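Participant: Handing you a structure now.
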Amino acid sequence: MSDDRPAPVLRAEGLVKTHHGEGAPAHAVRGVDLSVRPGEFVAITGPSGAGKSTLLHLLGGLQRPDAGRIWLDGESTDTYSEARWAVKRRKRIGIVFQFFNLVSNLSVADNVELPALLAGTSPKRARAEREQLLAELGLTGKERSMPGELSGGEQQRVALARALVNHPPLLLADEPAGSLDSKGTREVMRLLTRFHQRGQTILLVTHDARLASAADRVISFFDGRIADDAELDGGTPPRRAGISGVLELRD
C-alpha cells in the first residue's frame, strides 16, 4: 500500500551517541529512529536526564552522532561539514534553547536580525522581518533593550523571534520553558501553538506535560526507551515502523 503523505522534513535512522568523560561512558542516545513530516508538531517528552537534549542537538547538527544517519528535506547529512551545518541552521532549521542563548552585548533588535543578515538577507528586509516578529510577540518598544534588561519570558520570546526570522521549515525547541515560571510556560505554549497552526513544523523536547499537550504527536520515553508514539486529536497516526529507539536515562 503506497504512502501518499508528504516526505519527511527530518528523518533519522539508528542514531547513537555516547559521551566519554570521567568514569564509565554515558550512552546518551542508542539506536533512535525518527521521522517528522511537514506541518507536524512533535513533542519528545520524558524525565530530565533522558538524553532528549542530546537527541535534539544531533538532529540540529550541534553534535555529531557516533553512528546512524540524518536526512534534511530528503538530503543525507553524512558529508556535512561544520560550515554546511551552520548554513542549514541559518536557513532551514530554527533552534530555541532553554537558556535563550542570546548575545548579551547585542540589543534585542540586533539579536533577532543577526541570523537573517548572516543568511544574506538585506538589512532592510532583516529589519522588516524583525519588526513584524517583535510586534507579533508583544515586544514592540523593546528593540533597543539589552537581554539582561528583560524578564525570562521576554528573553524567550526574543529567542523565538531569532529562531523564526529566516522562516525555517523546521523549528527545534529544547526545553524552551525549562527556566520559566508557569506564566512563562503558558506563554511559550500559546506561541508555539500559534505558529504551528500556520503550518510551522516543530520538534519540541520537554519534560513538561503541559507543553507536550500542545503538540499533535507525542513520543514518550520511559526507562530509557521510546514507550509510545501517539497522534493526538484525531490526526493521522505516524508509521510505527519508522519510530523506534532506545535512550539511556543519562545526558
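Quick note on naming: the chains in the C-alpha cells go A, B, ... in the order shown, residues restart at 1 in each chain, and ligands are numbered from 1 in order of appearance.
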Quick one: contact table of stretch 107-201 of chain A to stretch 207-217 of chain A, 12 Å max, nearest atom pair and distance in Å to one decimal per residue, counting only C-alpha atoms, chain and number order, as JSON lines?
Facilitator:
{"residue": "A:Ala173", "atom": "CA", "partner": "A:Leu211", "partner_atom": "CA", "distance": 11.0}
{"residue": "A:Asp174", "atom": "CA", "partner": "A:His207", "partner_atom": "CA", "distance": 10.1}
{"residue": "A:Glu175", "atom": "CA", "partner": "A:His207", "partner_atom": "CA", "distance": 7.4}
{"residue": "A:Pro176", "atom": "CA", "partner": "A:Leu211", "partner_atom": "CA", "distance": 9.2}
{"residue": "A:Ala177", "atom": "CA", "partner": "A:Leu211", "partner_atom": "CA", "distance": 8.1}
{"residue": "A:Gly178", "atom": "CA", "partner": "A:Asp208", "partner_atom": "CA", "distance": 8.0}
{"residue": "A:Ser179", "atom": "CA", "partner": "A:Asp208", "partner_atom": "CA", "distance": 11.3}
{"residue": "A:Leu180", "atom": "CA", "partner": "A:Asp208", "partner_atom": "CA", "distance": 11.3}
{"residue": "A:Asp181", "atom": "CA", "partner": "A:Asp208", "partner_atom": "CA", "distance": 11.8}
{"residue": "A:Ser182", "atom": "CA", "partner": "A:Arg210", "partner_atom": "CA", "distance": 9.7}
{"residue": "A:Lys183", "atom": "CA", "partner": "A:Arg210", "partner_atom": "CA", "distance": 11.7}
{"residue": "A:Gly184", "atom": "CA", "partner": "A:Leu211", "partner_atom": "CA", "distance": 11.1}
{"residue": "A:Thr185", "atom": "CA", "partner": "A:Leu211", "partner_atom": "CA", "distance": 7.4}
{"residue": "A:Arg186", "atom": "CA", "partner": "A:Leu211", "partner_atom": "CA", "distance": 7.9}
{"residue": "A:Glu187", "atom": "CA", "partner": "A:Leu211", "partner_atom": "CA", "distance": 10.1}
{"residue": "A:Val188", "atom": "CA", "partner": "A:Leu211", "partner_atom": "CA", "distance": 8.1}
{"residue": "A:Met189", "atom": "CA", "partner": "A:Leu211", "partner_atom": "CA", "distance": 5.7}
{"residue": "A:Arg190", "atom": "CA", "partner": "A:Ala214", "partner_atom": "CA", "distance": 8.2}
{"residue": "A:Leu191", "atom": "CA", "partner": "A:Ala214", "partner_atom": "CA", "distance": 10.1}
{"residue": "A:Leu192", "atom": "CA", "partner": "A:Ala214", "partner_atom": "CA", "distance": 7.9}
{"residue": "A:Thr193", "atom": "CA", "partner": "A:Ala214", "partner_atom": "CA", "distance": 6.3}
{"residue": "A:Arg194", "atom": "CA", "partner": "A:Ala214", "partner_atom": "CA", "distance": 10.1}
{"residue": "A:Phe195", "atom": "CA", "partner": "A:Ala214", "partner_atom": "CA", "distance": 11.5}
{"residue": "A:His196", "atom": "CA", "partner": "A:Ala215", "partner_atom": "CA", "distance": 8.8}
{"residue": "A:Gln197", "atom": "CA", "partner": "A:Ala215", "partner_atom": "CA", "distance": 10.6}
{"residue": "A:Gln200", "atom": "CA", "partner": "A:Ala215", "partner_atom": "CA", "distance": 11.8}
{"residue": "A:Thr201", "atom": "CA", "partner": "A:Ala215", "partner_atom": "CA", "distance": 10.5}
Participant: Would you give me, as a PyMOL selection string, the residues in stretch 53-84 of chain A that DSSP reads as alpha helix (DSSP H)?
Facilitator: chain A and resi 53-59+82-84
Participant: Which residues of stretch 1-50 of chain A come within 9 Å of stretch 70-84 of chain A, and for each one, what is the closest pair of atoms and their distance in Å to one decimal, counting only C-alpha atoms, sorted by chain and residue number, as a Markdown table?
Facilitator:
| residue | atom | partner | partner_atom | distance |
| --- | --- | --- | --- | --- |
| A:Ala7 | CA | A:Gly74 | CA | 7.4 |
| A:Pro8 | CA | A:Asp73 | CA | 6.6 |
| A:Val9 | CA | A:Asp73 | CA | 4.7 |
| A:Leu10 | CA | A:Leu72 | CA | 4.9 |
| A:Arg11 | CA | A:Trp71 | CA | 5.1 |
| A:Ala12 | CA | A:Ile70 | CA | 4.4 |
| A:Glu13 | CA | A:Ile70 | CA | 6.6 |
| A:Leu15 | CA | A:Ile70 | CA | 8.1 |
Participant: Near stretch 113-124 of chain A, within 6 Å and counting only C-alpha atoms, which residues show up once chain neighbours fewer than 2 positions away are dropped, as a VMD selection string?
Facilitator: chain A and resid 90 110 to 111 126 to 127 166
Participant: Grab the residues selected above and save them as a tab-separated table (two decimals), in the first residue's frame with C-alpha atoms.
Facilitator:
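Dumped to result-v2.tsv:
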chain	number	residue	atom	x	y	z
A	90	ARG	CA	20.55	29.71	9.41
A	110	ASP	CA	20.42	43.01	16.72
A	111	ASN	CA	19.92	39.57	18.26
A	126	ALA	CA	16.01	41.83	8.06
A	127	ARG	CA	14.71	44.91	9.86
A	166	ASN	CA	14.52	33.29	8.42
Participant: Using only C-alpha atoms, which residue out of A:Glu149, A:Glu40, A:Glu231, A:Asp66 lies closest to A:Arg5?
Facilitator: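 Ranked by minimum distance to A:Arg5, first place goes to A:Glu40.
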